[in-house]
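Working notes, structure below.
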Amino acid sequence: MPYIPLNEKLPGITGLLDYRKDTALPIRELTQILLRGASTLTEGERELIATVVSHGNDCKFCTAAHTAATDVLLDDENVTIKVKADIDTAPVSNKMKALLKIAKAVGKNGKLVTEDMVNNAREEGATDMELHDTILIAALFSLYNRYVDGLASVTPTDPAFYDRLGNILKDKGYLPSANRYADL
């Protein structure tokens with residue numbers, strides 16, 4: 001049960017964003033820029049970063065939501081399963097493995113990112129912008145994970161809910177719109 005009164009028809013971060021609309025817009029805008037804006041990382045790769053951080057922080061809602069979005073965008077649910085189990089053996093590029101390790105470290109504490117990790121990512125082809133965005137996505141999702149869990153927002157257990165949400169995130173992104181969650 002949430003610690004504050006939330007619209008229980010809007011679980012996870014959606015209920016929190018609905019509760020405080022003045023803070024929701026900048027949150028949504030930054031998320032849209034980072035996960036759907038121009039980037040040399042694909043939308044699926046950026047969702048995968050969000051998934052890895054949320055999984056590392058044991059945020060059930062965010063992990064399920066961004067796993068579903070990643071699966072839809074990559075058209076392959078095995079990638080998220082394997083990345084969450086072991087980044088080193090997952091079917092992603094070496095550059096992505098290096099970036100995911102950085103993201104996972106940031107999810108715990110930004111000071112866990114080492115010069116060796118950054119150099120390895122660069123050696124695998126990561127650009128400065130990709131490093132920047134990976135770290136910012138990881139930091140942002142660490143905030144979201146703590147926001148969602150810190151206020152004990154509603155976390156559905158039905159996998160079909162997350163399948164629908166993954167498609168909404170793919171099709172509509174993160175900006176507010178009329179009837180955004182009508183399909184939930």
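Residues in the structure tokens are named by chain (A, B, ... in the order shown) and by number from 1 within that chain; ligands are numbered from 1 in the order shown.
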Residues of range 26-90 of chain A classed as helix (DSSP H, G or I) by DSSP on the backbone are to be reported as number ranges by chain.
A: 26-36, 43-56, 60-74, 77-85, 87-89
Would you export the selected residues with N, CA and C atoms as a short mmCIF file (atom, residue, chain, number, x, y, z; two decimals), in the first residue's frame, please?
data_model
loop_
_atom_site.label_atom_id
_atom_site.label_comp_id
_atom_site.auth_asym_id
_atom_site.auth_seq_id
_atom_site.Cartn_x
_atom_site.Cartn_y
_atom_site.Cartn_z
N PRO A 26 9.04 18.04 -16.00
CA PRO A 26 10.48 18.00 -16.25
C PRO A 26 11.05 16.58 -16.19
N ILE A 27 10.50 15.76 -15.32
CA ILE A 27 10.94 14.36 -15.26
C ILE A 27 10.66 13.67 -16.60
N ARG A 28 9.45 13.83 -17.09
CA ARG A 28 9.07 13.21 -18.37
C ARG A 28 9.91 13.75 -19.53
N GLU A 29 10.15 15.06 -19.53
CA GLU A 29 10.93 15.66 -20.63
C GLU A 29 12.36 15.14 -20.65
N LEU A 30 12.99 15.07 -19.49
CA LEU A 30 14.35 14.55 -19.44
C LEU A 30 14.40 13.08 -19.86
N THR A 31 13.45 12.31 -19.41
CA THR A 31 13.40 10.90 -19.80
C THR A 31 13.19 10.76 -21.30
N GLN A 32 12.32 11.56 -21.87
CA GLN A 32 12.08 11.53 -23.32
C GLN A 32 13.36 11.85 -24.08
N ILE A 33 14.08 12.87 -23.66
CA ILE A 33 15.33 13.24 -24.33
C ILE A 33 16.32 12.09 -24.26
N LEU A 34 16.49 11.53 -23.08
CA LEU A 34 17.51 10.50 -22.90
C LEU A 34 17.16 9.16 -23.54
N LEU A 35 15.90 8.77 -23.47
CA LEU A 35 15.53 7.44 -23.97
C LEU A 35 14.96 7.45 -25.38
N ARG A 36 14.47 8.59 -25.85
CA ARG A 36 13.87 8.63 -27.18
C ARG A 36 14.47 9.69 -28.10
N GLU A 43 17.16 3.11 -29.15
CA GLU A 43 16.18 3.21 -28.07
C GLU A 43 16.20 1.94 -27.22
N GLY A 44 16.35 0.80 -27.87
CA GLY A 44 16.41 -0.47 -27.14
C GLY A 44 17.62 -0.54 -26.23
N GLU A 45 18.77 -0.06 -26.69
CA GLU A 45 19.96 -0.06 -25.86
C GLU A 45 19.80 0.86 -24.65
N ARG A 46 19.16 1.99 -24.86
CA ARG A 46 18.95 2.93 -23.75
C ARG A 46 17.94 2.37 -22.75
N GLU A 47 16.91 1.69 -23.23
CA GLU A 47 15.97 1.02 -22.32
C GLU A 47 16.68 -0.10 -21.56
N LEU A 48 17.62 -0.75 -22.22
CA LEU A 48 18.38 -1.82 -21.58
C LEU A 48 19.21 -1.27 -20.41
N ILE A 49 19.76 -0.08 -20.58
CA ILE A 49 20.48 0.57 -19.49
C ILE A 49 19.53 0.78 -18.31
N ALA A 50 18.34 1.30 -18.59
CA ALA A 50 17.34 1.51 -17.54
C ALA A 50 16.98 0.19 -16.86
N THR A 51 16.87 -0.87 -17.64
CA THR A 51 16.54 -2.19 -17.11
C THR A 51 17.63 -2.69 -16.17
N VAL A 52 18.88 -2.59 -16.60
CA VAL A 52 20.00 -3.09 -15.79
C VAL A 52 20.09 -2.35 -14.46
N VAL A 53 19.94 -1.03 -14.51
CA VAL A 53 20.00 -0.25 -13.27
C VAL A 53 18.84 -0.60 -12.36
N SER A 54 17.63 -0.65 -12.90
CA SER A 54 16.45 -0.96 -12.09
C SER A 54 16.55 -2.36 -11.49
N HIS A 55 17.04 -3.30 -12.28
CA HIS A 55 17.24 -4.67 -11.79
C HIS A 55 18.27 -4.68 -10.65
N GLY A 56 19.37 -3.97 -10.85
CA GLY A 56 20.41 -3.89 -9.82
C GLY A 56 19.93 -3.26 -8.54
N LYS A 60 11.13 -3.59 -8.54
CA LYS A 60 10.30 -4.52 -9.32
C LYS A 60 9.52 -3.82 -10.42
N PHE A 61 8.87 -2.69 -10.10
CA PHE A 61 8.07 -2.00 -11.11
C PHE A 61 8.95 -1.53 -12.27
N CYS A 62 10.02 -0.81 -11.98
CA CYS A 62 10.86 -0.26 -13.05
C CYS A 62 11.55 -1.37 -13.84
N THR A 63 11.98 -2.41 -13.16
CA THR A 63 12.61 -3.53 -13.88
C THR A 63 11.63 -4.14 -14.86
N ALA A 64 10.43 -4.44 -14.41
CA ALA A 64 9.44 -5.07 -15.29
C ALA A 64 9.02 -4.14 -16.42
N ALA A 65 8.82 -2.86 -16.12
CA ALA A 65 8.39 -1.90 -17.15
C ALA A 65 9.44 -1.73 -18.23
N HIS A 66 10.70 -1.58 -17.84
CA HIS A 66 11.74 -1.31 -18.83
C HIS A 66 12.26 -2.58 -19.49
N THR A 67 12.10 -3.71 -18.81
CA THR A 67 12.35 -4.98 -19.48
C THR A 67 11.36 -5.14 -20.62
N ALA A 68 10.09 -4.87 -20.35
CA ALA A 68 9.06 -4.99 -21.39
C ALA A 68 9.32 -4.04 -22.55
N ALA A 69 9.69 -2.79 -22.24
CA ALA A 69 9.98 -1.83 -23.31
C ALA A 69 11.20 -2.27 -24.12
N THR A 70 12.23 -2.75 -23.44
CA THR A 70 13.43 -3.24 -24.14
C THR A 70 13.08 -4.41 -25.04
N ASP A 71 12.32 -5.36 -24.50
CA ASP A 71 11.95 -6.55 -25.29
C ASP A 71 11.20 -6.16 -26.56
N VAL A 72 10.29 -5.20 -26.45
CA VAL A 72 9.53 -4.75 -27.62
C VAL A 72 10.46 -4.05 -28.62
N LEU A 73 11.31 -3.17 -28.12
CA LEU A 73 12.19 -2.40 -29.01
C LEU A 73 13.26 -3.27 -29.67
N LEU A 74 13.77 -4.25 -28.95
CA LEU A 74 14.78 -5.15 -29.52
C LEU A 74 14.17 -6.34 -30.23
N GLU A 77 13.16 -11.01 -26.29
CA GLU A 77 13.12 -11.02 -24.83
C GLU A 77 14.32 -11.72 -24.20
N ASN A 78 15.05 -12.50 -24.97
CA ASN A 78 16.20 -13.21 -24.43
C ASN A 78 17.34 -12.27 -24.03
N VAL A 79 17.44 -11.12 -24.70
CA VAL A 79 18.52 -10.19 -24.39
C VAL A 79 18.41 -9.71 -22.95
N THR A 80 17.23 -9.27 -22.53
CA THR A 80 17.09 -8.77 -21.16
C THR A 80 17.30 -9.88 -20.13
N ILE A 81 16.80 -11.05 -20.44
CA ILE A 81 16.99 -12.19 -19.52
C ILE A 81 18.48 -12.45 -19.31
N LYS A 82 19.21 -12.49 -20.41
CA LYS A 82 20.64 -12.81 -20.33
C LYS A 82 21.47 -11.67 -19.75
N VAL A 83 21.12 -10.44 -20.07
CA VAL A 83 21.85 -9.29 -19.51
C VAL A 83 21.66 -9.23 -18.00
N LYS A 84 20.43 -9.45 -17.53
CA LYS A 84 20.18 -9.41 -16.09
C LYS A 84 20.91 -10.55 -15.37
N ALA A 85 21.10 -11.67 -16.05
CA ALA A 85 21.79 -12.81 -15.44
C ALA A 85 23.30 -12.62 -15.44
N ILE A 87 26.07 -9.92 -17.62
CA ILE A 87 26.40 -9.00 -18.72
C ILE A 87 27.49 -9.57 -19.61
N ASP A 88 28.49 -10.22 -19.03
CA ASP A 88 29.63 -10.71 -19.81
C ASP A 88 29.25 -11.73 -20.88
N THR A 89 28.23 -12.53 -20.62
CA THR A 89 27.86 -13.58 -21.60
C THR A 89 26.61 -13.22 -22.40
#
Selected residue of minimal separation from Asp149 in chain A among A:Arg20, A:Met117, A:Asp171, A:Gly12, counting only C-alpha atoms:
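Under the stated criterion, the closest residue is A:Gly12.
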Taking 3 positions as the minimum chain separation for residues in the same chain, which residues sit within 7 Å of Ala98 in chain A when counting only C-alpha atoms? Answer as a PDB file with C-alpha atoms, in the first residue's frame.
ATOM      1  CA  ASN A  94      31.300  -5.454 -26.325  1.00  0.00           C
ATOM      2  CA  LYS A  95      30.678  -1.700 -26.308  1.00  0.00           C
ATOM      3  CA  LYS A 101      28.821  -2.352 -16.462  1.00  0.00           C
ATOM      4  CA  ILE A 102      29.279   1.388 -15.993  1.00  0.00           C
ATOM      5  CA  MET A 117      35.841   1.008 -16.942  1.00  0.00           C
ATOM      6  CA  ASN A 120      37.440  -0.069 -21.670  1.00  0.00           C
ATOM      7  CA  ALA A 121      34.201   1.434 -22.975  1.00  0.00           C
TER       8      ALA A 121
END
